[in-house]
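Q: What follows is protein35.pdb, made up of PDB, C-alpha atoms, pLDDT in the B column:
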ATOM      1  CA  MET T   1      33.499  17.248 -19.444  1.00 46.00           C
ATOM      2  CA  ASN T   2      30.317  19.198 -18.779  1.00 48.00           C
ATOM      3  CA  GLN T   3      30.758  21.813 -16.042  1.00 51.00           C
ATOM      4  CA  ALA T   4      27.837  23.005 -13.860  1.00 46.00           C
ATOM      5  CA  THR T   5      27.345  26.745 -14.292  1.00 52.00           C
ATOM      6  CA  ASN T   6      25.328  27.917 -11.296  1.00 48.00           C
ATOM      7  CA  PRO T   7      26.413  27.445  -7.652  1.00 48.00           C
ATOM      8  CA  ALA T   8      23.542  25.052  -6.798  1.00 44.00           C
ATOM      9  CA  GLU T   9      24.451  22.761  -9.716  1.00 45.00           C
ATOM     10  CA  GLN T  10      28.139  22.868  -8.728  1.00 49.00           C
ATOM     11  CA  GLN T  11      27.294  21.960  -5.137  1.00 48.00           C
ATOM     12  CA  ALA T  12      24.987  19.092  -6.204  1.00 42.00           C
ATOM     13  CA  ALA T  13      27.624  17.777  -8.607  1.00 48.00           C
ATOM     14  CA  ALA T  14      30.190  17.698  -5.795  1.00 50.00           C
ATOM     15  CA  ILE T  15      28.080  15.312  -3.650  1.00 46.00           C
ATOM     16  CA  PRO T  16      28.877  11.652  -4.359  1.00 47.00           C
ATOM     17  CA  GLN T  17      25.927   9.736  -5.875  1.00 42.00           C
ATOM     18  CA  SER T  18      25.884   7.311  -2.917  1.00 43.00           C
ATOM     19  CA  ALA T  19      25.293  10.213  -0.501  1.00 41.00           C
ATOM     20  CA  LYS T  20      22.372  11.740  -2.422  1.00 37.00           C
ATOM     21  CA  PRO T  21      18.968  11.076  -0.835  1.00 42.00           C
ATOM     22  CA  LEU T  22      16.738   8.472  -2.448  1.00 44.00           C
ATOM     23  CA  SER T  23      12.971   8.464  -2.237  1.00 51.00           C
ATOM     24  CA  PHE T  24      11.803   5.899   0.314  1.00 81.00           C
ATOM     25  CA  LEU T  25      10.231   2.880  -1.361  1.00 87.00           C
ATOM     26  CA  ALA T  26       8.105   0.093   0.030  1.00 91.00           C
ATOM     27  CA  SER T  27       7.667  -3.411  -1.330  1.00 94.00           C
ATOM     28  CA  ILE T  28       4.210  -5.008  -1.436  1.00 97.00           C
ATOM     29  CA  ASN T  29       4.196  -8.766  -2.016  1.00 97.00           C
ATOM     30  CA  PHE T  30       0.798 -10.143  -3.103  1.00 98.00           C
ATOM     31  CA  ILE T  31       0.985 -13.860  -2.210  1.00 97.00           C
ATOM     32  CA  LYS T  32      -1.851 -15.405  -4.239  1.00 96.00           C
ATOM     33  CA  GLU T  33      -1.027 -13.402  -7.343  1.00 96.00           C
ATOM     34  CA  GLY T  34       2.726 -13.957  -7.128  1.00 96.00           C
ATOM     35  CA  LYS T  35       3.361 -10.228  -7.662  1.00 96.00           C
ATOM     36  CA  GLU T  36       5.770  -7.907  -5.928  1.00 96.00           C
ATOM     37  CA  VAL T  37       5.016  -4.210  -6.325  1.00 95.00           C
ATOM     38  CA  THR T  38       7.170  -1.228  -5.439  1.00 94.00           C
ATOM     39  CA  ALA T  39       5.444   1.813  -3.992  1.00 94.00           C
ATOM     40  CA  ALA T  40       6.404   5.127  -2.473  1.00 94.00           C
ATOM     41  CA  ALA T  41       6.067   5.274   1.298  1.00 92.00           C
ATOM     42  CA  GLY T  42       2.566   6.396   2.223  1.00 94.00           C
ATOM     43  CA  ALA T  43       0.955   4.790  -0.837  1.00 96.00           C
ATOM     44  CA  ASN T  44      -2.597   3.490  -0.537  1.00 97.00           C
ATOM     45  CA  LEU T  45      -2.703  -0.332  -0.608  1.00 97.00           C
ATOM     46  CA  ARG T  46      -5.940  -0.555  -2.621  1.00 97.00           C
ATOM     47  CA  GLN T  47      -4.708   1.902  -5.233  1.00 97.00           C
ATOM     48  CA  LYS T  48      -1.379   0.091  -5.678  1.00 97.00           C
ATOM     49  CA  ALA T  49      -3.203  -3.235  -6.062  1.00 97.00           C
ATOM     50  CA  ILE T  50      -5.521  -1.847  -8.742  1.00 96.00           C
ATOM     51  CA  GLU T  51      -2.679  -0.074 -10.588  1.00 96.00           C
ATOM     52  CA  ASN T  52      -0.809  -3.379 -10.794  1.00 96.00           C
ATOM     53  CA  GLY T  53      -3.688  -5.628 -11.848  1.00 96.00           C
ATOM     54  CA  VAL T  54      -4.183  -7.291  -8.459  1.00 97.00           C
ATOM     55  CA  ASP T  55      -7.843  -8.191  -7.892  1.00 95.00           C
ATOM     56  CA  ILE T  56      -8.703  -7.595  -4.233  1.00 95.00           C
ATOM     57  CA  TYR T  57     -12.477  -7.984  -4.510  1.00 95.00           C
ATOM     58  CA  THR T  58     -14.674 -11.072  -4.276  1.00 92.00           C
ATOM     59  CA  PHE T  59     -17.598 -11.278  -6.717  1.00 92.00           C
ATOM     60  CA  LYS T  60     -19.897  -9.440  -4.289  1.00 90.00           C
ATOM     61  CA  GLY T  61     -17.240  -6.780  -3.730  1.00 91.00           C
ATOM     62  CA  LYS T  62     -16.893  -6.206  -7.466  1.00 90.00           C
ATOM     63  CA  LEU T  63     -20.596  -5.427  -7.647  1.00 92.00           C
ATOM     64  CA  MET T  64     -20.933  -3.407  -4.474  1.00 92.00           C
ATOM     65  CA  ASN T  65     -17.618  -1.655  -3.732  1.00 92.00           C
ATOM     66  CA  CYS T  66     -17.630   2.033  -2.851  1.00 93.00           C
ATOM     67  CA  GLY T  67     -14.661   2.960  -5.035  1.00 93.00           C
ATOM     68  CA  GLY T  68     -12.189   3.251  -2.195  1.00 92.00           C
ATOM     69  CA  ILE T  69     -13.812   5.823   0.059  1.00 90.00           C
ATOM     70  CA  GLY T  70     -13.998   3.480   3.039  1.00 87.00           C
ATOM     71  CA  GLN T  71     -17.730   2.833   3.275  1.00 90.00           C
ATOM     72  CA  CYS T  72     -18.390  -0.721   2.067  1.00 93.00           C
ATOM     73  CA  ALA T  73     -15.665  -2.858   3.706  1.00 93.00           C
ATOM     74  CA  THR T  74     -15.379  -5.151   0.657  1.00 95.00           C
ATOM     75  CA  CYS T  75     -11.614  -4.682   0.127  1.00 97.00           C
ATOM     76  CA  VAL T  76     -10.523  -6.851   3.064  1.00 96.00           C
ATOM     77  CA  VAL T  77      -6.971  -8.188   2.896  1.00 98.00           C
ATOM     78  CA  ASN T  78      -4.891 -10.189   5.352  1.00 98.00           C
ATOM     79  CA  ILE T  79      -1.410  -8.885   6.191  1.00 98.00           C
ATOM     80  CA  THR T  80       0.820 -11.913   6.733  1.00 98.00           C
ATOM     81  CA  GLU T  81       4.082  -9.991   7.228  1.00 97.00           C
ATOM     82  CA  GLY T  82       4.992  -6.394   7.961  1.00 96.00           C
ATOM     83  CA  ALA T  83       1.829  -5.203   9.717  1.00 96.00           C
ATOM     84  CA  ASP T  84       4.003  -2.754  11.671  1.00 96.00           C
ATOM     85  CA  GLN T  85       4.875  -1.092   8.336  1.00 95.00           C
ATOM     86  CA  LEU T  86       1.277   0.041   7.794  1.00 96.00           C
ATOM     87  CA  SER T  87      -0.757   2.995   8.999  1.00 96.00           C
ATOM     88  CA  PRO T  88      -2.773   2.290  12.164  1.00 96.00           C
ATOM     89  CA  ARG T  89      -6.251   0.831  11.819  1.00 95.00           C
ATOM     90  CA  THR T  90      -8.947   3.487  11.471  1.00 94.00           C
ATOM     91  CA  ASP T  91     -12.041   3.581  13.700  1.00 94.00           C
ATOM     92  CA  PHE T  92     -14.102   2.405  10.722  1.00 93.00           C
ATOM     93  CA  GLU T  93     -11.787  -0.592  10.266  1.00 95.00           C
ATOM     94  CA  ASN T  94     -12.016  -1.434  13.956  1.00 95.00           C
ATOM     95  CA  ARG T  95     -15.823  -1.437  13.773  1.00 95.00           C
ATOM     96  CA  ARG T  96     -16.159  -3.331  10.479  1.00 94.00           C
ATOM     97  CA  LEU T  97     -13.408  -5.877  11.160  1.00 95.00           C
ATOM     98  CA  LYS T  98     -14.089  -6.558  14.857  1.00 94.00           C
ATOM     99  CA  LYS T  99     -14.887 -10.246  14.178  1.00 95.00           C
ATOM    100  CA  ARG T 100     -11.764 -10.729  12.060  1.00 96.00           C
ATOM    101  CA  PRO T 101      -8.159 -11.172  13.191  1.00 96.00           C
ATOM    102  CA  GLU T 102      -6.019  -8.071  13.820  1.00 95.00           C
ATOM    103  CA  SER T 103      -4.063  -8.952  10.678  1.00 97.00           C
ATOM    104  CA  CYS T 104      -7.068  -8.114   8.491  1.00 97.00           C
ATOM    105  CA  ARG T 105      -7.242  -4.634   7.018  1.00 98.00           C
ATOM    106  CA  LEU T 106      -9.340  -2.669   4.558  1.00 97.00           C
ATOM    107  CA  ALA T 107      -7.024  -1.973   1.629  1.00 97.00           C
ATOM    108  CA  CYS T 108      -8.644   1.413   0.943  1.00 97.00           C
ATOM    109  CA  GLN T 109      -7.848   2.599   4.481  1.00 96.00           C
ATOM    110  CA  THR T 110      -4.294   1.258   4.604  1.00 97.00           C
ATOM    111  CA  MET T 111      -1.155   3.267   3.817  1.00 97.00           C
ATOM    112  CA  VAL T 112       2.045   1.320   3.201  1.00 96.00           C
ATOM    113  CA  ASN T 113       5.225   2.654   4.848  1.00 94.00           C
ATOM    114  CA  GLY T 114       7.541  -0.332   4.362  1.00 94.00           C
ATOM    115  CA  SER T 115       7.697  -3.889   3.075  1.00 95.00           C
ATOM    116  CA  VAL T 116       4.556  -5.998   3.577  1.00 97.00           C
ATOM    117  CA  THR T 117       3.141  -9.319   2.442  1.00 98.00           C
ATOM    118  CA  VAL T 118      -0.554  -9.358   1.587  1.00 98.00           C
ATOM    119  CA  GLU T 119      -3.096 -12.140   1.119  1.00 98.00           C
ATOM    120  CA  THR T 120      -6.036 -10.973  -0.985  1.00 96.00           C
ATOM    121  CA  LYS T 121      -9.588 -12.284  -0.480  1.00 95.00           C
ATOM    122  CA  PRO T 122      -8.879 -13.953   2.878  1.00 92.00           C
TER     123      PRO T 122
END
Take the structure in the file and write it out as structure tokens.

A:
Amino acid sequence: MNQATNPAEQQAAAIPQSAKPLSFLASINFIKEGKEVTAAAGANLRQKAIENGVDIYTFKGKLMNCGGIGQCATCVVNITEGADQLSPRTDFENRRLKKRPESCRLACQTMVNGSVTVETKP
């Protein structure tokens, strides 16, 4: 059996695995694509979509998007479940999405803190 040599290793080895902290993960379910993605809490919704091959842009958005800096408003998504697990709407979102339902968000401005269900290209 391998013994830990320094006091920190000995102390860590004495803690049961079930009591050790886990990093907090969020689940993002993309409805139309049939994909469920795991992300660390605080992850950017647009970035996680792109990393996992989820297309969030319409044709016009593909041609004119700002690259995720929050200026073009082409990455609109609809949150069907778990809206309370997201960062609050930014002032820019409130201005650009004022004619859309409260469930609509700009993916580039949205941080995921828990499980959500997302409809792309609403």

Q: Hey, what's within 10 Å of Phe92 (chain T) if we count only C-alpha atoms and toss same-chain stuff fewer than 3 positions away? As a PyMOL selection string, please?

A: chain T and resi 70-71+73+89+95-98+106+109

Q: For the PyMOL selection byres ((chain T and resi 101) around 12), applied here, can you spell out every residue it catches as a list in words?

A: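 Going through the file, the PyMOL selection byres ((chain T and resi 101) around 12) ends up selecting Val76, Val77, Asn78, Ile79, Thr80, Glu93, Asn94, Arg96, Leu97, Lys98, Lys99, Arg100, Glu102, Ser103, Cys104, Arg105 and Pro122 of chain T.
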
Q: What separation in Å, quoted to one decimal, exists between CA of Thr90 (chain T) and CA of Glu36 (chain T)?

A: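 According to the coordinates, CA of Thr90 (chain T) and CA of Glu36 (chain T) are separated by 25.5 Å.
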
Q: Given the PyMOL selection byres ((chain T and resi 82-85) around 8) and the file above, list the residues it selects as a ChimeraX atom specification.

A: /T:79-81,86-87,103,112-117

Q: What does the PyMOL selection byres ((chain T and resi 29) around 9) select in this file, as a list in words?

A: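 Applying the PyMOL selection byres ((chain T and resi 29) around 9) to the structure shown produces Ser27, Ile28, Phe30, Ile31, Glu33, Gly34, Lys35, Glu36, Val37, Thr38, Ser115, Val116, Thr117, Val118 and Glu119 of chain T.
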
Q: Pull C-alpha atoms from the residues just selected and write them as a PDB file, in the frame of the given file.

A:
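As a result, selection_10.pdb now contains:
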ATOM      1  CA  SER T  27       7.667  -3.411  -1.330  1.00 94.00           C
ATOM      2  CA  ILE T  28       4.210  -5.008  -1.436  1.00 97.00           C
ATOM      3  CA  PHE T  30       0.798 -10.143  -3.103  1.00 98.00           C
ATOM      4  CA  ILE T  31       0.985 -13.860  -2.210  1.00 97.00           C
ATOM      5  CA  GLU T  33      -1.027 -13.402  -7.343  1.00 96.00           C
ATOM      6  CA  GLY T  34       2.726 -13.957  -7.128  1.00 96.00           C
ATOM      7  CA  LYS T  35       3.361 -10.228  -7.662  1.00 96.00           C
ATOM      8  CA  GLU T  36       5.770  -7.907  -5.928  1.00 96.00           C
ATOM      9  CA  VAL T  37       5.016  -4.210  -6.325  1.00 95.00           C
ATOM     10  CA  THR T  38       7.170  -1.228  -5.439  1.00 94.00           C
ATOM     11  CA  SER T 115       7.697  -3.889   3.075  1.00 95.00           C
ATOM     12  CA  VAL T 116       4.556  -5.998   3.577  1.00 97.00           C
ATOM     13  CA  THR T 117       3.141  -9.319   2.442  1.00 98.00           C
ATOM     14  CA  VAL T 118      -0.554  -9.358   1.587  1.00 98.00           C
ATOM     15  CA  GLU T 119      -3.096 -12.140   1.119  1.00 98.00           C
TER      16      GLU T 119
END

Q: So the first atom is CA of Asn44 (chain T) and the second is CA of Met64 (chain T); what is the distance between them in Å, to one decimal place?

A: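 Computed distance, CA of Asn44 (chain T) to CA of Met64 (chain T), equals 20.0 Å.
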
Q: Around region 76-94 of chain T, fit a box with edges along x, y and z, padding it by 6 Å on each side, then list its centre and edge lengths in Å to one decimal as AutoDock Vina command-line options.

A:
--center_x -4.6 --center_y -4.2 --center_z 8.4 --size_x 31.1 --size_y 27.5 --size_z 23.1

Q: Given the point (-4.9, 5.9, 2.1) in the coordinates of this file, which residues lie within 9 Å, counting all atoms listed in the file, and how would they look as a list in words?

A: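 Applying the cut-off with all atoms listed in the file, one gets Gly42, Ala43, Asn44, Leu45, Arg46, Gln47, Gly68, Ser87, Ala107, Cys108, Gln109, Thr110, Met111 and Val112 of chain T.
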
Q: So which one's closest to Lys60 (chain T), T:Pro88, T:Ala39, T:Lys121, T:Ala26? Using all atoms listed in the file, please.

A: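 Nearest candidate to Lys60 (chain T) out of T:Pro88, T:Ala39, T:Lys121, T:Ala26: T:Lys121.
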
Q: Mind giving me the straight-line distance from CA of Glu51 (chain T) to CA of Asp91 (chain T) in Å, one decimal?

A: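 These two atoms are separated by 26.3 Å.
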
Q: Would you fill out region 33-68 of chain T with N, CA and C atoms and return it as an mmCIF file, in the coordinates of the input?

A:
data_model
loop_
_atom_site.group_PDB
_atom_site.id
_atom_site.type_symbol
_atom_site.label_atom_id
_atom_site.label_comp_id
_atom_site.auth_asym_id
_atom_site.auth_seq_id
_atom_site.Cartn_x
_atom_site.Cartn_y
_atom_site.Cartn_z
ATOM 1 N N GLU T 33 -1.257 -13.841 -5.974
ATOM 2 C CA GLU T 33 -1.027 -13.402 -7.343
ATOM 3 C C GLU T 33 0.423 -13.579 -7.775
ATOM 4 N N GLY T 34 1.312 -13.819 -6.814
ATOM 5 C CA GLY T 34 2.726 -13.957 -7.128
ATOM 6 C C GLY T 34 3.335 -12.677 -7.675
ATOM 7 N N LYS T 35 2.865 -11.525 -7.189
ATOM 8 C CA LYS T 35 3.361 -10.228 -7.662
ATOM 9 C C LYS T 35 4.021 -9.465 -6.533
ATOM 10 N N GLU T 36 5.127 -8.825 -6.861
ATOM 11 C CA GLU T 36 5.770 -7.907 -5.928
ATOM 12 C C GLU T 36 5.746 -6.534 -6.576
ATOM 13 N N VAL T 37 5.230 -5.564 -5.829
ATOM 14 C CA VAL T 37 5.016 -4.210 -6.325
ATOM 15 C C VAL T 37 5.845 -3.250 -5.498
ATOM 16 N N THR T 38 6.438 -2.274 -6.139
ATOM 17 C CA THR T 38 7.170 -1.228 -5.439
ATOM 18 C C THR T 38 6.289 0.008 -5.362
ATOM 19 N N ALA T 39 6.273 0.627 -4.199
ATOM 20 C CA ALA T 39 5.444 1.813 -3.992
ATOM 21 C C ALA T 39 6.198 2.832 -3.159
ATOM 22 N N ALA T 40 5.842 4.078 -3.323
ATOM 23 C CA ALA T 40 6.404 5.127 -2.473
ATOM 24 C C ALA T 40 5.808 4.984 -1.081
ATOM 25 N N ALA T 41 6.574 5.321 -0.076
ATOM 26 C CA ALA T 41 6.067 5.274 1.298
ATOM 27 C C ALA T 41 4.830 6.154 1.397
ATOM 28 N N GLY T 42 3.809 5.657 2.078
ATOM 29 C CA GLY T 42 2.566 6.396 2.223
ATOM 30 C C GLY T 42 1.553 6.091 1.137
ATOM 31 N N ALA T 43 1.872 5.146 0.242
ATOM 32 C CA ALA T 43 0.955 4.790 -0.837
ATOM 33 C C ALA T 43 -0.242 4.014 -0.292
ATOM 34 N N ASN T 44 -1.381 4.184 -0.924
ATOM 35 C CA ASN T 44 -2.597 3.490 -0.537
ATOM 36 C C ASN T 44 -2.555 2.066 -1.084
ATOM 37 N N LEU T 45 -2.802 1.082 -0.229
ATOM 38 C CA LEU T 45 -2.703 -0.332 -0.608
ATOM 39 C C LEU T 45 -3.699 -0.702 -1.701
ATOM 40 N N ARG T 46 -4.933 -0.253 -1.598
ATOM 41 C CA ARG T 46 -5.940 -0.555 -2.621
ATOM 42 C C ARG T 46 -5.529 0.012 -3.976
ATOM 43 N N GLN T 47 -5.093 1.253 -3.983
ATOM 44 C CA GLN T 47 -4.708 1.902 -5.233
ATOM 45 C C GLN T 47 -3.536 1.182 -5.899
ATOM 46 N N LYS T 48 -2.539 0.798 -5.117
ATOM 47 C CA LYS T 48 -1.379 0.091 -5.678
ATOM 48 C C LYS T 48 -1.789 -1.269 -6.226
ATOM 49 N N ALA T 49 -2.718 -1.950 -5.560
ATOM 50 C CA ALA T 49 -3.203 -3.235 -6.062
ATOM 51 C C ALA T 49 -3.888 -3.045 -7.412
ATOM 52 N N ILE T 50 -4.783 -2.090 -7.497
ATOM 53 C CA ILE T 50 -5.521 -1.847 -8.742
ATOM 54 C C ILE T 50 -4.574 -1.436 -9.865
ATOM 55 N N GLU T 51 -3.639 -0.534 -9.576
ATOM 56 C CA GLU T 51 -2.679 -0.074 -10.588
ATOM 57 C C GLU T 51 -1.850 -1.215 -11.167
ATOM 58 N N ASN T 52 -1.666 -2.271 -10.379
ATOM 59 C CA ASN T 52 -0.809 -3.379 -10.794
ATOM 60 C C ASN T 52 -1.581 -4.648 -11.149
ATOM 61 N N GLY T 53 -2.877 -4.508 -11.387
ATOM 62 C CA GLY T 53 -3.688 -5.628 -11.848
ATOM 63 C C GLY T 53 -3.960 -6.699 -10.816
ATOM 64 N N VAL T 54 -3.898 -6.338 -9.533
ATOM 65 C CA VAL T 54 -4.183 -7.291 -8.459
ATOM 66 C C VAL T 54 -5.648 -7.126 -8.066
ATOM 67 N N ASP T 55 -6.412 -8.208 -8.198
ATOM 68 C CA ASP T 55 -7.843 -8.191 -7.892
ATOM 69 C C ASP T 55 -8.041 -8.446 -6.402
ATOM 70 N N ILE T 56 -8.516 -7.449 -5.680
ATOM 71 C CA ILE T 56 -8.703 -7.595 -4.233
ATOM 72 C C ILE T 56 -10.147 -7.879 -3.847
ATOM 73 N N TYR T 57 -11.067 -7.831 -4.818
ATOM 74 C CA TYR T 57 -12.477 -7.984 -4.510
ATOM 75 C C TYR T 57 -13.011 -9.378 -4.834
ATOM 76 N N THR T 58 -13.903 -9.869 -3.971
ATOM 77 C CA THR T 58 -14.674 -11.072 -4.276
ATOM 78 C C THR T 58 -15.755 -10.656 -5.273
ATOM 79 N N PHE T 59 -16.540 -11.598 -5.747
ATOM 80 C CA PHE T 59 -17.598 -11.278 -6.717
ATOM 81 C C PHE T 59 -18.549 -10.222 -6.159
ATOM 82 N N LYS T 60 -18.995 -10.405 -4.922
ATOM 83 C CA LYS T 60 -19.897 -9.440 -4.289
ATOM 84 C C LYS T 60 -19.237 -8.064 -4.189
ATOM 85 N N GLY T 61 -17.967 -8.038 -3.842
ATOM 86 C CA GLY T 61 -17.240 -6.780 -3.730
ATOM 87 C C GLY T 61 -17.101 -6.064 -5.054
ATOM 88 N N LYS T 62 -16.981 -6.820 -6.135
ATOM 89 C CA LYS T 62 -16.893 -6.206 -7.466
ATOM 90 C C LYS T 62 -18.184 -5.479 -7.812
ATOM 91 N N LEU T 63 -19.296 -6.029 -7.354
ATOM 92 C CA LEU T 63 -20.596 -5.427 -7.647
ATOM 93 C C LEU T 63 -20.940 -4.271 -6.717
ATOM 94 N N MET T 64 -20.454 -4.339 -5.492
ATOM 95 C CA MET T 64 -20.933 -3.407 -4.474
ATOM 96 C C MET T 64 -19.858 -2.512 -3.851
ATOM 97 N N ASN T 65 -18.653 -2.453 -4.405
ATOM 98 C CA ASN T 65 -17.618 -1.655 -3.732
ATOM 99 C C ASN T 65 -17.877 -0.165 -3.874
ATOM 100 N N CYS T 66 -17.371 0.588 -2.921
ATOM 101 C CA CYS T 66 -17.630 2.033 -2.851
ATOM 102 C C CYS T 66 -16.602 2.867 -3.623
ATOM 103 N N GLY T 67 -15.660 2.219 -4.268
ATOM 104 C CA GLY T 67 -14.661 2.960 -5.035
ATOM 105 C C GLY T 67 -13.506 3.467 -4.192
ATOM 106 N N GLY T 68 -13.349 2.910 -3.007
ATOM 107 C CA GLY T 68 -12.189 3.251 -2.195
ATOM 108 C C GLY T 68 -12.372 4.384 -1.213
#
